[in-house]
$ cat data13.pdb   # PDB, C-alpha atoms, pLDDT in the B column
MODEL        1
ATOM      1  CA  MET U  29     -17.712-141.554 -24.035  1.00 84.00           C
ATOM      2  CA  LYS U  30     -18.999-143.127 -27.220  1.00 89.00           C
ATOM      3  CA  TYR U  31     -18.252-142.190 -30.796  1.00 89.00           C
ATOM      4  CA  THR U  32     -21.912-141.366 -31.443  1.00 90.00           C
ATOM      5  CA  GLU U  33     -21.693-138.627 -28.808  1.00 92.00           C
ATOM      6  CA  LEU U  34     -18.762-137.098 -30.663  1.00 92.00           C
ATOM      7  CA  GLN U  35     -20.459-137.020 -34.066  1.00 91.00           C
ATOM      8  CA  ASP U  36     -22.767-134.207 -33.007  1.00 92.00           C
ATOM      9  CA  LYS U  37     -19.964-131.905 -31.840  1.00 94.00           C
ATOM     10  CA  THR U  38     -18.301-129.266 -33.986  1.00 95.00           C
ATOM     11  CA  LEU U  39     -14.632-129.316 -34.930  1.00 95.00           C
ATOM     12  CA  GLU U  40     -13.830-126.577 -32.391  1.00 96.00           C
ATOM     13  CA  GLU U  41     -15.536-128.513 -29.595  1.00 96.00           C
ATOM     14  CA  LEU U  42     -13.643-131.662 -30.540  1.00 97.00           C
ATOM     15  CA  ASN U  43     -10.289-129.852 -30.500  1.00 97.00           C
ATOM     16  CA  LYS U  44     -11.047-128.376 -27.076  1.00 98.00           C
ATOM     17  CA  LEU U  45     -12.118-131.782 -25.777  1.00 97.00           C
ATOM     18  CA  LEU U  46      -8.924-133.338 -27.160  1.00 98.00           C
ATOM     19  CA  LYS U  47      -6.796-130.754 -25.380  1.00 98.00           C
ATOM     20  CA  ASP U  48      -8.649-131.356 -22.111  1.00 98.00           C
ATOM     21  CA  LYS U  49      -8.205-135.127 -22.373  1.00 98.00           C
ATOM     22  CA  LYS U  50      -4.475-134.770 -23.057  1.00 98.00           C
ATOM     23  CA  VAL U  51      -4.110-132.624 -19.941  1.00 98.00           C
ATOM     24  CA  GLU U  52      -6.105-135.161 -17.949  1.00 98.00           C
ATOM     25  CA  LEU U  53      -3.856-137.959 -19.242  1.00 98.00           C
ATOM     26  CA  PHE U  54      -0.742-136.019 -18.229  1.00 98.00           C
ATOM     27  CA  GLU U  55      -2.089-135.398 -14.736  1.00 97.00           C
ATOM     28  CA  ASN U  56      -3.017-139.043 -14.247  1.00 97.00           C
ATOM     29  CA  ARG U  57       0.398-140.203 -15.441  1.00 97.00           C
ATOM     30  CA  MET U  58       2.028-137.943 -12.864  1.00 97.00           C
ATOM     31  CA  LYS U  59      -0.268-139.345 -10.165  1.00 96.00           C
ATOM     32  CA  LEU U  60       0.686-142.867 -11.246  1.00 95.00           C
ATOM     33  CA  ARG U  61       4.387-142.107 -10.946  1.00 95.00           C
ATOM     34  CA  THR U  62       3.968-140.586  -7.488  1.00 95.00           C
ATOM     35  CA  MET U  63       1.787-143.506  -6.335  1.00 94.00           C
ATOM     36  CA  GLN U  64      -1.308-141.334  -5.852  1.00 95.00           C
ATOM     37  CA  LEU U  65      -3.424-143.017  -8.529  1.00 93.00           C
ATOM     38  CA  GLN U  66      -5.558-145.842  -7.157  1.00 93.00           C
ATOM     39  CA  ASP U  67      -6.954-147.214 -10.431  1.00 94.00           C
ATOM     40  CA  SER U  68      -4.433-147.460 -13.254  1.00 92.00           C
ATOM     41  CA  SER U  69      -7.102-148.468 -15.776  1.00 96.00           C
ATOM     42  CA  VAL U  70      -8.115-144.797 -15.922  1.00 97.00           C
ATOM     43  CA  ILE U  71      -5.117-144.134 -18.153  1.00 97.00           C
ATOM     44  CA  ARG U  72      -6.242-146.754 -20.669  1.00 97.00           C
ATOM     45  CA  LYS U  73      -9.760-145.289 -20.753  1.00 97.00           C
ATOM     46  CA  ILE U  74      -8.459-141.778 -21.364  1.00 98.00           C
ATOM     47  CA  LYS U  75      -6.207-143.007 -24.186  1.00 98.00           C
ATOM     48  CA  LYS U  76      -9.151-144.721 -25.855  1.00 97.00           C
ATOM     49  CA  ASN U  77     -11.209-141.555 -25.566  1.00 97.00           C
ATOM     50  CA  ILE U  78      -8.378-139.568 -27.160  1.00 98.00           C
ATOM     51  CA  ALA U  79      -8.315-142.039 -30.053  1.00 97.00           C
ATOM     52  CA  ARG U  80     -12.073-141.690 -30.519  1.00 96.00           C
ATOM     53  CA  ILE U  81     -11.799-137.909 -30.559  1.00 97.00           C
ATOM     54  CA  LYS U  82      -8.957-138.009 -33.087  1.00 97.00           C
ATOM     55  CA  THR U  83     -11.016-140.304 -35.311  1.00 96.00           C
ATOM     56  CA  ALA U  84     -13.956-137.901 -35.196  1.00 95.00           C
ATOM     57  CA  ILE U  85     -11.657-134.969 -36.028  1.00 96.00           C
ATOM     58  CA  SER U  86     -10.135-136.765 -39.006  1.00 96.00           C
ATOM     59  CA  ILE U  87     -13.563-137.599 -40.408  1.00 94.00           C
ATOM     60  CA  LYS U  88     -14.881-134.037 -40.020  1.00 91.00           C
ATOM     61  CA  GLY U  89     -11.773-132.153 -40.993  1.00 79.00           C
TER      62      GLY U  89
ENDMDL
END

$ encode --input "data13.pdb" --output "structure tokens"
Amino acid sequence: MKYTELQDKTLEELNKLLKDKKVELFENRMKLRTMQLQDSSVIRKIKKNIARIKTAISIKG
């Protein structure tokens, strides 16, 4: 996900997307702890996406 994709979304869409990404991060962390996650770099990618979403929210709101 790139920042330019987030610029077109509304504030409500960004907040919903942020909530979804946080849930996804939680689920992947639990998979990592129970040794079910194959690729641990997924967590880093999700965290970066969360940061991009938060940046877009702060600029719009």

$ resolve_selection --input "data13.pdb" --expression "the PyMOL selection byres ((chain U and resi 52-57) around 10)" --output "number ranges by chain"
U: 46-51, 58-65, 67-68, 70-75, 78

$ write_last_selection --input "data13.pdb" --atoms "C-alpha atoms" --output "JSON list (two decimals), keeping the file's coordinate frame"
[["chain", "number", "residue", "atom", "x", "y", "z"],
["U", 46, "LEU", "CA", -8.92, -133.34, -27.16],
["U", 47, "LYS", "CA", -6.80, -130.75, -25.38],
["U", 48, "ASP", "CA", -8.65, -131.36, -22.11],
["U", 49, "LYS", "CA", -8.20, -135.13, -22.37],
["U", 50, "LYS", "CA", -4.47, -134.77, -23.06],
["U", 51, "VAL", "CA", -4.11, -132.62, -19.94],
["U", 58, "MET", "CA", 2.03, -137.94, -12.86],
["U", 59, "LYS", "CA", -0.27, -139.34, -10.16],
["U", 60, "LEU", "CA", 0.69, -142.87, -11.25],
["U", 61, "ARG", "CA", 4.39, -142.11, -10.95],
["U", 62, "THR", "CA", 3.97, -140.59, -7.49],
["U", 63, "MET", "CA", 1.79, -143.51, -6.34],
["U", 64, "GLN", "CA", -1.31, -141.33, -5.85],
["U", 65, "LEU", "CA", -3.42, -143.02, -8.53],
["U", 67, "ASP", "CA", -6.95, -147.21, -10.43],
["U", 68, "SER", "CA", -4.43, -147.46, -13.25],
["U", 70, "VAL", "CA", -8.12, -144.80, -15.92],
["U", 71, "ILE", "CA", -5.12, -144.13, -18.15],
["U", 72, "ARG", "CA", -6.24, -146.75, -20.67],
["U", 73, "LYS", "CA", -9.76, -145.29, -20.75],
["U", 74, "ILE", "CA", -8.46, -141.78, -21.36],
["U", 75, "LYS", "CA", -6.21, -143.01, -24.19],
["U", 78, "ILE", "CA", -8.38, -139.57, -27.16]]

$ axis_aligned_box --input "data13.pdb" --around "range 56-63 of chain U" --padding-each-side "8 Å" --output "lines of an AutoDock Vina configuration file"
center_x = 0.7
center_y = -140.7
center_z = -10.9
size_x = 23.4
size_y = 21.6
size_z = 25.1

$ residues_around --input "data13.pdb" --residues "Arg80 in chain U" --least-positions-apart "5" --cutoff "9 Å" --atoms "only C-alpha atoms" --output "list in words"
Met29, Lys30, Tyr31, Leu34, Lys75 and Ile85 of chain U

$ atom_distance --input "data13.pdb" --atom1 "CA of Ser69 in chain U" --atom2 "CA of Asp36 in chain U"
27.3 Å

$ atom_distance --input "data13.pdb" --atom1 "CA of Asn77 in chain U" --atom2 "CA of Glu40 in chain U"
16.7 Å

$ closest_residue --input "data13.pdb" --among "U:Gln66, U:Ile87, U:Lys76, U:Ile81" --to "Leu45 in chain U" --atoms "all atoms listed in the file"
U:Ile81

$ residues_around --input "data13.pdb" --residues "Lys88 in chain U" --least-positions-apart "5" --cutoff "9 Å" --atoms "all atoms listed in the file" --output "list in words"
Gln35, Thr38, Leu39 and Thr83 of chain U
